[in-house]
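First the structure, in the form of structure tokens, and then the observations on it.
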Amino acid sequence: MTVIDLAQTDVRELNRTLQMAESGSFEVRHPGGAHALAAGLTRPVDVTIDGHAGYYCAGMNQEGIVTVSGNVGTGVAENMMSGTVRVRGDASQSAGATAHGGLLVIEGNTSARCGISLKGGDIVVGGSVGHMAAFMAQAGRLVVLGDAGADLGDSLYEAQIYVRGTVASLGADCEEKEMTASHQEELAALLEQAGAIADAAAFRRYESGRNLYHFNIDNAGSY
Amino acid sequence: MTDSKPDSASFPPRVISEIQRAAREGIYDIRGAGAKRHVPSFDDLVFLGASMSRYPLEGYRERCDTNVVIGARHASKPIELDIPITIAGMSFGAIGANAKQALGLAATAMGTSTTTGDGGMTPEEREASKTLIYQYLPSRYGMTPDQLRQADAIEVVVGQGAKPGGGGMLLGQKITDRVAEMRTLPAGIDQRSACRHPDWTGPDDLEIKIRELREITNWEKPIYVKVGATRTRYDVMLAVKAGADAVVVDGMQGGTAATQHIFIEDVGIPTLPAVRLAVEALKELDMHRKVQLIVSGGIRTGGDVAKALALGADAVSIGMAALMALNCNAPLYEEDYAALGTHPGACDRCHTGRCPVGIATQDPELEARLDPEEGARRVRNYLSTLTMECQTLARACGKSHVHNLEPEDMVALTVEAAAMAKVPLAGTDWIPGSS
């Protein structure tokens, strides 16, 4: 385990070290809410951030395994391509925005627009998500063990949403769909991968109604 | 003699026709291209060539340099261009692969840059373009960190002149399997891109976002911020504050492949005042020539280039004009224009995907009408002409570098242009609003 102390060095040096490493384990001490920590990783390095991180922690992650022991700011794991990012605390808005792949686990709650424009990654939230979660999400899965705020899945494309708790309201063209056995099986596997203890049968499933995929004047009131 | 049956000024035939179309279809008109209304423009400025009080340079004997360096503020690898005329961002999807390739080849031959668009970077475009600017857009369609690293600079797109405040649009007929795969969308849907970035709002966030982009690209790439021309003074200041290496300001004449007609014609300000506002903002921050200003929107001639530079821009960017060099609106395949309800010279049917000359299409048969090598030759000729025209004007004003042109070299032909550009009305010392 290599220790990098941000009380002694800066974010540029930290990221340069992590980006150049082929593998190995790193512990980041005194993160102090700094931004872009562990951003742009391209290899399977294991990074533990011992405290709170600011914006864009593990941004655009490729293969990295990043764990944050505290809370994170806006855009954790944004545009992640692969790898795993785990937040032990809460996450601010736009968590996992536009992620193409990989797994983001937020053990606490997350704020607005979690999974916005998701393009293929998986996001598992142990607590609740704020409003507009999965807004315009194109592919991938968002799993919420707690409650979802207003306008869940607004203008959804092909992403899948699973919620165990209550949903304040659904966004435009987001519909509740049947939770089939295959969906339960798929969800159970994802929950296990995320280390989340929950019964897949207790979730409800949402996806796009696909009514707004083409301009139609009769749908104008839906936007 | 008075016309006894005049058209109504408020309801001329074209307005009546549009009202009736709206009543019939129940939806706004969608089209391509930029603003078609008359607006004060570079046409309304003229240069004061050298005579007794200024020495000109010999047209074919004395050097007039055109090179420009973009992005040295923070980036360790700034962009070095031979000419101050770049190719603007246009998406693969909006235009076809042949057109992208032709633009890249032409830009490379002329020592300038071309730019990606919504949907990410195609291998053909990267291969054809020595210097490729990568647009970082609200949709993030096809955006990957690998492509960021493959680019030579990054352009964070906040807005564009044709539709400031609006997102992209690509109708289903252009969402082919390849375009759909690049954008992670179902093929054939009407794609409406986001108008705001998904993970930042406002200049304070943008500052952090830019820092993240730099961290991911090893602080090598220049980072541009592109805005549609609206509240230009404030937007440019905020972009500089956010850490931009260069600012792209796109006036309302700037084109698009598809958006609402009302957006194109009724939102934004012309390029002419936008340049002056942007330069004033940079000077106020002591950042003029430190943060480069790239101006786009209706640049057509070397005169337009020279006038934008004289007002203080470091470079210009061309989109529609480059497509016209590729034969956009050329009098070819006229029956195909007619099938779109238009004719050469007036076509703005880019959104249909049925581009008669094979540019704004994903249809293989139509696209075959554009040979990339031939197209590149035409764009190269056009860029060369613009450059020589710009040099001609600069030499006439006694300048050994096109960046030495200045507002003092020009006067305005209209009161409106004088006020917007803040140069005197010809034959007077009067700058409306200033003196």
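By order in the structure tokens, chains are A, B, ...; within a chain, residues start at 1; ligands start at 1, following the order shown.
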
Near Val129 of chain A, within 12 Å and counting only C-alpha atoms, which residues show up once chain neighbours fewer than 2 positions away are dropped, as a PDB file with N, CA and C atoms, in the first residue's frame?
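Done, and the output landed in around23.pdb:
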ATOM      1  N   ASP A  90     -22.422   9.971   1.515  1.00  0.00           N
ATOM      2  CA  ASP A  90     -23.408  10.507   0.581  1.00  0.00           C
ATOM      3  C   ASP A  90     -22.708  11.126  -0.632  1.00  0.00           C
ATOM      4  N   ALA A  91     -23.490  11.296  -1.695  1.00  0.00           N
ATOM      5  CA  ALA A  91     -22.964  11.934  -2.907  1.00  0.00           C
ATOM      6  C   ALA A  91     -23.847  13.114  -3.282  1.00  0.00           C
ATOM      7  N   SER A  92     -23.222  14.143  -3.800  1.00  0.00           N
ATOM      8  CA  SER A  92     -23.966  15.310  -4.260  1.00  0.00           C
ATOM      9  C   SER A  92     -24.606  15.004  -5.620  1.00  0.00           C
ATOM     10  N   GLN A  93     -24.933  16.039  -6.358  1.00  0.00           N
ATOM     11  CA  GLN A  93     -25.712  15.858  -7.580  1.00  0.00           C
ATOM     12  C   GLN A  93     -24.896  15.248  -8.731  1.00  0.00           C
ATOM     13  N   SER A  94     -25.625  14.782  -9.724  1.00  0.00           N
ATOM     14  CA  SER A  94     -25.049  14.258 -10.970  1.00  0.00           C
ATOM     15  C   SER A  94     -24.074  13.106 -10.742  1.00  0.00           C
ATOM     16  N   ALA A  95     -24.341  12.315  -9.736  1.00  0.00           N
ATOM     17  CA  ALA A  95     -23.484  11.148  -9.494  1.00  0.00           C
ATOM     18  C   ALA A  95     -23.578  10.202 -10.694  1.00  0.00           C
ATOM     19  N   ILE A 106     -23.115   3.921  -4.173  1.00  0.00           N
ATOM     20  CA  ILE A 106     -23.189   4.988  -3.173  1.00  0.00           C
ATOM     21  C   ILE A 106     -23.943   4.396  -1.989  1.00  0.00           C
ATOM     22  N   GLU A 107     -23.257   4.233  -0.895  1.00  0.00           N
ATOM     23  CA  GLU A 107     -23.897   3.561   0.238  1.00  0.00           C
ATOM     24  C   GLU A 107     -24.886   4.474   0.945  1.00  0.00           C
ATOM     25  N   GLY A 108     -24.682   5.778   0.858  1.00  0.00           N
ATOM     26  CA  GLY A 108     -25.600   6.731   1.464  1.00  0.00           C
ATOM     27  C   GLY A 108     -26.637   7.219   0.468  1.00  0.00           C
ATOM     28  N   ASN A 109     -26.983   8.483   0.589  1.00  0.00           N
ATOM     29  CA  ASN A 109     -27.961   9.098  -0.305  1.00  0.00           C
ATOM     30  C   ASN A 109     -27.238   9.892  -1.390  1.00  0.00           C
ATOM     31  N   THR A 110     -27.981  10.217  -2.420  1.00  0.00           N
ATOM     32  CA  THR A 110     -27.416  11.102  -3.438  1.00  0.00           C
ATOM     33  C   THR A 110     -28.461  12.122  -3.847  1.00  0.00           C
ATOM     34  N   SER A 111     -27.971  13.232  -4.344  1.00  0.00           N
ATOM     35  CA  SER A 111     -28.804  14.391  -4.613  1.00  0.00           C
ATOM     36  C   SER A 111     -29.429  14.315  -6.014  1.00  0.00           C
ATOM     37  N   ALA A 112     -29.681  15.460  -6.599  1.00  0.00           N
ATOM     38  CA  ALA A 112     -30.413  15.530  -7.872  1.00  0.00           C
ATOM     39  C   ALA A 112     -29.630  14.913  -9.032  1.00  0.00           C
ATOM     40  N   ARG A 113     -30.394  14.475 -10.017  1.00  0.00           N
ATOM     41  CA  ARG A 113     -29.857  14.046 -11.319  1.00  0.00           C
ATOM     42  C   ARG A 113     -28.828  12.918 -11.237  1.00  0.00           C
ATOM     43  N   CYS A 114     -29.014  12.037 -10.301  1.00  0.00           N
ATOM     44  CA  CYS A 114     -28.138  10.867 -10.248  1.00  0.00           C
ATOM     45  C   CYS A 114     -28.331  10.058 -11.539  1.00  0.00           C
ATOM     46  N   GLY A 115     -27.259   9.725 -12.195  1.00  0.00           N
ATOM     47  CA  GLY A 115     -27.367   8.921 -13.407  1.00  0.00           C
ATOM     48  C   GLY A 115     -27.902   9.679 -14.605  1.00  0.00           C
ATOM     49  N   ILE A 116     -27.752  10.989 -14.597  1.00  0.00           N
ATOM     50  CA  ILE A 116     -28.227  11.781 -15.749  1.00  0.00           C
ATOM     51  C   ILE A 116     -27.470  11.357 -17.011  1.00  0.00           C
ATOM     52  N   ILE A 123     -25.441   1.935 -11.505  1.00  0.00           N
ATOM     53  CA  ILE A 123     -25.365   2.746 -10.285  1.00  0.00           C
ATOM     54  C   ILE A 123     -26.278   2.096  -9.241  1.00  0.00           C
ATOM     55  N   VAL A 124     -25.736   1.831  -8.077  1.00  0.00           N
ATOM     56  CA  VAL A 124     -26.525   1.282  -6.980  1.00  0.00           C
ATOM     57  C   VAL A 124     -26.434   2.252  -5.812  1.00  0.00           C
ATOM     58  N   VAL A 125     -27.582   2.744  -5.369  1.00  0.00           N
ATOM     59  CA  VAL A 125     -27.637   3.725  -4.289  1.00  0.00           C
ATOM     60  C   VAL A 125     -28.285   3.068  -3.072  1.00  0.00           C
ATOM     61  N   GLY A 126     -27.547   3.018  -1.969  1.00  0.00           N
ATOM     62  CA  GLY A 126     -28.072   2.374  -0.769  1.00  0.00           C
ATOM     63  C   GLY A 126     -29.187   3.159  -0.121  1.00  0.00           C
ATOM     64  N   GLY A 127     -29.129   4.476  -0.226  1.00  0.00           N
ATOM     65  CA  GLY A 127     -30.160   5.337   0.352  1.00  0.00           C
ATOM     66  C   GLY A 127     -31.123   5.815  -0.713  1.00  0.00           C
ATOM     67  N   HIS A 131     -34.318  14.533  -7.019  1.00  0.00           N
ATOM     68  CA  HIS A 131     -35.189  14.665  -8.183  1.00  0.00           C
ATOM     69  C   HIS A 131     -34.410  14.469  -9.495  1.00  0.00           C
ATOM     70  N   MET A 132     -35.165  14.165 -10.512  1.00  0.00           N
ATOM     71  CA  MET A 132     -34.638  14.004 -11.877  1.00  0.00           C
ATOM     72  C   MET A 132     -33.558  12.927 -11.987  1.00  0.00           C
ATOM     73  N   ALA A 133     -33.625  11.916 -11.164  1.00  0.00           N
ATOM     74  CA  ALA A 133     -32.659  10.815 -11.304  1.00  0.00           C
ATOM     75  C   ALA A 133     -32.874  10.138 -12.652  1.00  0.00           C
ATOM     76  N   ALA A 134     -31.783   9.731 -13.270  1.00  0.00           N
ATOM     77  CA  ALA A 134     -31.812   9.047 -14.571  1.00  0.00           C
ATOM     78  C   ALA A 134     -32.458   9.895 -15.667  1.00  0.00           C
ATOM     79  N   LEU A 142     -29.996   1.950 -12.975  1.00  0.00           N
ATOM     80  CA  LEU A 142     -29.965   2.694 -11.720  1.00  0.00           C
ATOM     81  C   LEU A 142     -30.813   1.929 -10.714  1.00  0.00           C
ATOM     82  N   VAL A 143     -30.209   1.587  -9.592  1.00  0.00           N
ATOM     83  CA  VAL A 143     -30.911   0.839  -8.546  1.00  0.00           C
ATOM     84  C   VAL A 143     -30.930   1.689  -7.288  1.00  0.00           C
ATOM     85  N   VAL A 144     -32.115   1.879  -6.728  1.00  0.00           N
ATOM     86  CA  VAL A 144     -32.276   2.725  -5.541  1.00  0.00           C
ATOM     87  C   VAL A 144     -32.910   1.891  -4.438  1.00  0.00           C
ATOM     88  N   LEU A 145     -32.169   1.709  -3.354  1.00  0.00           N
ATOM     89  CA  LEU A 145     -32.723   0.915  -2.254  1.00  0.00           C
ATOM     90  C   LEU A 145     -33.676   1.744  -1.403  1.00  0.00           C
ATOM     91  N   GLY A 146     -33.522   3.047  -1.413  1.00  0.00           N
ATOM     92  CA  GLY A 146     -34.404   3.938  -0.667  1.00  0.00           C
ATOM     93  C   GLY A 146     -35.501   4.491  -1.561  1.00  0.00           C
ATOM     94  N   ASP A 147     -35.741   5.787  -1.432  1.00  0.00           N
ATOM     95  CA  ASP A 147     -36.816   6.441  -2.188  1.00  0.00           C
ATOM     96  C   ASP A 147     -36.236   7.261  -3.342  1.00  0.00           C
ATOM     97  N   ALA A 148     -37.094   7.551  -4.305  1.00  0.00           N
ATOM     98  CA  ALA A 148     -36.702   8.399  -5.440  1.00  0.00           C
ATOM     99  C   ALA A 148     -37.496   9.693  -5.398  1.00  0.00           C
ATOM    100  N   GLY A 149     -36.828  10.801  -5.709  1.00  0.00           N
ATOM    101  CA  GLY A 149     -37.484  12.100  -5.735  1.00  0.00           C
ATOM    102  C   GLY A 149     -38.337  12.284  -6.978  1.00  0.00           C
ATOM    103  N   ALA A 150     -38.755  13.520  -7.177  1.00  0.00           N
ATOM    104  CA  ALA A 150     -39.698  13.829  -8.259  1.00  0.00           C
ATOM    105  C   ALA A 150     -39.063  13.621  -9.633  1.00  0.00           C
ATOM    106  N   ASP A 151     -39.922  13.323 -10.587  1.00  0.00           N
ATOM    107  CA  ASP A 151     -39.552  13.236 -12.006  1.00  0.00           C
ATOM    108  C   ASP A 151     -38.483  12.180 -12.283  1.00  0.00           C
ATOM    109  N   LEU A 152     -38.653  11.055 -11.671  1.00  0.00           N
ATOM    110  CA  LEU A 152     -37.735   9.939 -11.917  1.00  0.00           C
ATOM    111  C   LEU A 152     -37.773   9.537 -13.397  1.00  0.00           C
ATOM    112  N   GLY A 153     -36.616   9.382 -13.978  1.00  0.00           N
ATOM    113  CA  GLY A 153     -36.532   8.838 -15.336  1.00  0.00           C
ATOM    114  C   GLY A 153     -37.130   9.712 -16.414  1.00  0.00           C
ATOM    115  N   ILE A 161     -34.497   1.246 -14.502  1.00  0.00           N
ATOM    116  CA  ILE A 161     -34.483   1.806 -13.144  1.00  0.00           C
ATOM    117  C   ILE A 161     -35.216   0.836 -12.215  1.00  0.00           C
ATOM    118  N   TYR A 162     -34.604   0.584 -11.066  1.00  0.00           N
ATOM    119  CA  TYR A 162     -35.236  -0.243 -10.034  1.00  0.00           C
ATOM    120  C   TYR A 162     -35.283   0.564  -8.733  1.00  0.00           C
ATOM    121  N   VAL A 163     -36.438   0.632  -8.114  1.00  0.00           N
ATOM    122  CA  VAL A 163     -36.585   1.381  -6.862  1.00  0.00           C
ATOM    123  C   VAL A 163     -37.304   0.498  -5.842  1.00  0.00           C
ATOM    124  N   ARG A 164     -36.731   0.433  -4.623  1.00  0.00           N
ATOM    125  CA  ARG A 164     -37.373  -0.369  -3.576  1.00  0.00           C
ATOM    126  C   ARG A 164     -38.374   0.468  -2.776  1.00  0.00           C
ATOM    127  N   GLY A 165     -38.081   1.734  -2.571  1.00  0.00           N
ATOM    128  CA  GLY A 165     -38.942   2.585  -1.758  1.00  0.00           C
ATOM    129  C   GLY A 165     -40.008   3.289  -2.582  1.00  0.00           C
ATOM    130  N   THR A 166     -40.346   4.489  -2.155  1.00  0.00           N
ATOM    131  CA  THR A 166     -41.393   5.238  -2.842  1.00  0.00           C
ATOM    132  C   THR A 166     -40.790   6.088  -3.962  1.00  0.00           C
ATOM    133  N   VAL A 167     -41.636   6.420  -4.914  1.00  0.00           N
ATOM    134  CA  VAL A 167     -41.241   7.314  -6.010  1.00  0.00           C
ATOM    135  C   VAL A 167     -42.147   8.535  -5.936  1.00  0.00           C
ATOM    136  N   ALA A 168     -41.547   9.705  -5.758  1.00  0.00           N
ATOM    137  CA  ALA A 168     -42.366  10.924  -5.601  1.00  0.00           C
ATOM    138  C   ALA A 168     -43.200  11.170  -6.856  1.00  0.00           C
TER     139      ALA A 168
END

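Here is the contact set of chain B against chain A, at 8 Å and counting only C-alpha atoms: B:Gly26, B:Ile27, B:Ser139, B:Arg140, B:Thr144, B:Pro145, B:Gly172, B:Thr184, B:Leu185, B:Pro186, B:Ile189, B:Asp190, B:Gln191, B:Pro198, B:Asp199, B:Trp200, B:Ile208, B:Lys209, B:Arg211, B:Glu212, B:Glu215, B:Ile216, B:Thr217, B:Asn218.
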
Could you tell me how far atom CA of Gly427 of chain B lies from atom CA of Pro270 of chain B, in Å and to one decimal?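 Result for atom CA of Gly427 of chain B versus atom CA of Pro270 of chain B: 24.4 Å, one decimal.
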
Show me, as a PyMOL selection string, the residues that have an atom within 6 Å of segment 1-9 of chain A when counting only C-alpha atoms, minus same-chain residues fewer than 5 positions from it. chain A and resi 25-31

For C-alpha atoms, I'd like the residues from the last selection saved as a PDB file, in the first residue's frame.
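The resulting file, selection01.pdb, is reproduced below:
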ATOM      1  CA  SER A  25      -2.917  -0.092  -3.909  1.00  0.00           C
ATOM      2  CA  PHE A  26      -2.866   3.530  -2.847  1.00  0.00           C
ATOM      3  CA  GLU A  27      -4.255   5.298   0.177  1.00  0.00           C
ATOM      4  CA  VAL A  28      -4.967   9.004  -0.134  1.00  0.00           C
ATOM      5  CA  ARG A  29      -4.845  10.818   3.186  1.00  0.00           C
ATOM      6  CA  HIS A  30      -6.146  14.301   4.007  1.00  0.00           C
ATOM      7  CA  PRO A  31      -8.196  14.643   0.793  1.00  0.00           C
TER       8      PRO A  31
END

Could you check how far atom CA of Thr232 of chain B sits from atom CA of His197 of chain B, in Å to one decimal?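 These atoms are spaced 19.3 Å apart.
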
Which is closer to His183 of chain A than all the others in A:Ser169, A:Gly195, A:Ser222, A:Arg205, using only C-alpha atoms?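 Of A:Ser169, A:Gly195, A:Ser222, A:Arg205, the one nearest His183 of chain A is A:Arg205, counting only C-alpha atoms.
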
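The interatomic distance for the pair atom CA of Thr180 of chain A and atom CA of Arg141 of chain A works out to 15.7 Å.
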
Between B:Thr86, B:Asn381, B:Ser53, B:Thr271, which residue has the minimum interatomic distance to Ala417 of chain B, considering only C-alpha atoms? B:Thr271

Can you tell me which residues surround segment 102-106 of chain B at a distance of at most 6 Å, considering only C-alpha atoms, apart from same-chain residues fewer than 6 positions away, and format the answer as a ChimeraX atom specification? /B:114,128-129,372,375-376,379-380

Based on the backbone DSSP call, show me all residues of segment 114-191 of chain B assigned strand (DSSP E or B), as a list in words.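 Answer for segment 114-191 of chain B, restricted to strand (DSSP E or B): Thr114, Thr115, Gly117, Gly120, Thr131, Leu132, Ile133, Tyr134, Gln135, Tyr136, Ala153, Ile154, Glu155, Val156, Val157, Met169, Leu170 and Gln191 of chain B.
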
Grab the residues selected above and save them as a JSON list (two decimals), in the first residue's frame with N, CA and C atoms.
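Just written: result.json:
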[["chain", "number", "residue", "atom", "x", "y", "z"],
["B", 114, "THR", "N", -9.51, 21.36, -37.56],
["B", 114, "THR", "CA", -10.93, 21.08, -37.73],
["B", 114, "THR", "C", -11.46, 20.60, -36.39],
["B", 115, "THR", "N", -12.78, 20.41, -36.32],
["B", 115, "THR", "CA", -13.41, 20.23, -35.02],
["B", 115, "THR", "C", -14.48, 19.15, -35.09],
["B", 117, "GLY", "N", -17.92, 17.15, -33.37],
["B", 117, "GLY", "CA", -19.22, 17.68, -32.95],
["B", 117, "GLY", "C", -19.90, 16.66, -32.07],
["B", 120, "GLY", "N", -19.06, 12.49, -30.85],
["B", 120, "GLY", "CA", -17.68, 12.04, -30.68],
["B", 120, "GLY", "C", -16.87, 12.08, -31.95],
["B", 131, "THR", "N", -4.59, 18.49, -36.86],
["B", 131, "THR", "CA", -4.96, 19.20, -35.63],
["B", 131, "THR", "C", -6.48, 19.12, -35.48],
["B", 132, "LEU", "N", -6.91, 18.38, -34.47],
["B", 132, "LEU", "CA", -8.34, 18.14, -34.30],
["B", 132, "LEU", "C", -8.79, 18.63, -32.93],
["B", 133, "ILE", "N", -9.77, 19.51, -32.95],
["B", 133, "ILE", "CA", -10.35, 20.04, -31.71],
["B", 133, "ILE", "C", -11.55, 19.16, -31.36],
["B", 134, "TYR", "N", -11.63, 18.77, -30.10],
["B", 134, "TYR", "CA", -12.67, 17.82, -29.67],
["B", 134, "TYR", "C", -13.74, 18.57, -28.89],
["B", 135, "GLN", "N", -14.94, 18.55, -29.42],
["B", 135, "GLN", "CA", -16.02, 19.24, -28.72],
["B", 135, "GLN", "C", -16.53, 18.42, -27.54],
["B", 136, "TYR", "N", -16.67, 19.10, -26.42],
["B", 136, "TYR", "CA", -17.19, 18.51, -25.18],
["B", 136, "TYR", "C", -18.55, 19.14, -24.95],
["B", 153, "ALA", "N", -6.97, 19.62, -28.82],
["B", 153, "ALA", "CA", -7.51, 20.62, -27.91],
["B", 153, "ALA", "C", -8.95, 20.22, -27.61],
["B", 154, "ILE", "N", -9.50, 20.80, -26.56],
["B", 154, "ILE", "CA", -10.87, 20.47, -26.14],
["B", 154, "ILE", "C", -11.69, 21.75, -26.17],
["B", 155, "GLU", "N", -12.86, 21.66, -26.78],
["B", 155, "GLU", "CA", -13.76, 22.81, -26.85],
["B", 155, "GLU", "C", -15.01, 22.51, -26.03],
["B", 156, "VAL", "N", -15.13, 23.14, -24.88],
["B", 156, "VAL", "CA", -16.31, 22.97, -24.05],
["B", 156, "VAL", "C", -17.42, 23.83, -24.65],
["B", 157, "VAL", "N", -18.44, 23.17, -25.16],
["B", 157, "VAL", "CA", -19.50, 23.90, -25.86],
["B", 157, "VAL", "C", -20.60, 24.26, -24.86],
["B", 169, "MET", "N", -30.14, 18.78, -32.14],
["B", 169, "MET", "CA", -31.30, 18.07, -32.67],
["B", 169, "MET", "C", -30.83, 17.27, -33.88],
["B", 170, "LEU", "N", -31.18, 16.02, -33.91],
["B", 170, "LEU", "CA", -30.86, 15.19, -35.06],
["B", 170, "LEU", "C", -32.06, 14.29, -35.29],
["B", 191, "GLN", "N", -33.56, 12.57, -32.14],
["B", 191, "GLN", "CA", -32.69, 12.84, -30.99],
["B", 191, "GLN", "C", -32.72, 14.33, -30.64]]

Counting only C-alpha atoms, figure out which residue out of A:Val87, A:Met20, A:Leu170, A:Leu103 gets nearest to Glu192 of chain A.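 Ranked by minimum distance to Glu192 of chain A, first place goes to A:Leu103.
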
Val68 of chain B environment, 8 Å, only C-alpha atoms, sequence neighbours closer than 4 positions dropped, as a list in words: Glu80, Leu81, Asp82, Ile83, Pro84, Asp314 and Ala315 of chain B

Skipping near chain neighbours, those fewer than 2 positions away, what residues fall within 12 Å of Ala181 of chain A using only C-alpha atoms, listed as a ChimeraX atom specification? /A:178-179,183-188,200-201,203,205

I'd like to know which residues of segment 344-388 of chain B are helix (DSSP H, G or I) (by DSSP, run on the backbone); could you write them as a PyMOL selection string? chain B and resi 350-352+364-367+372-388
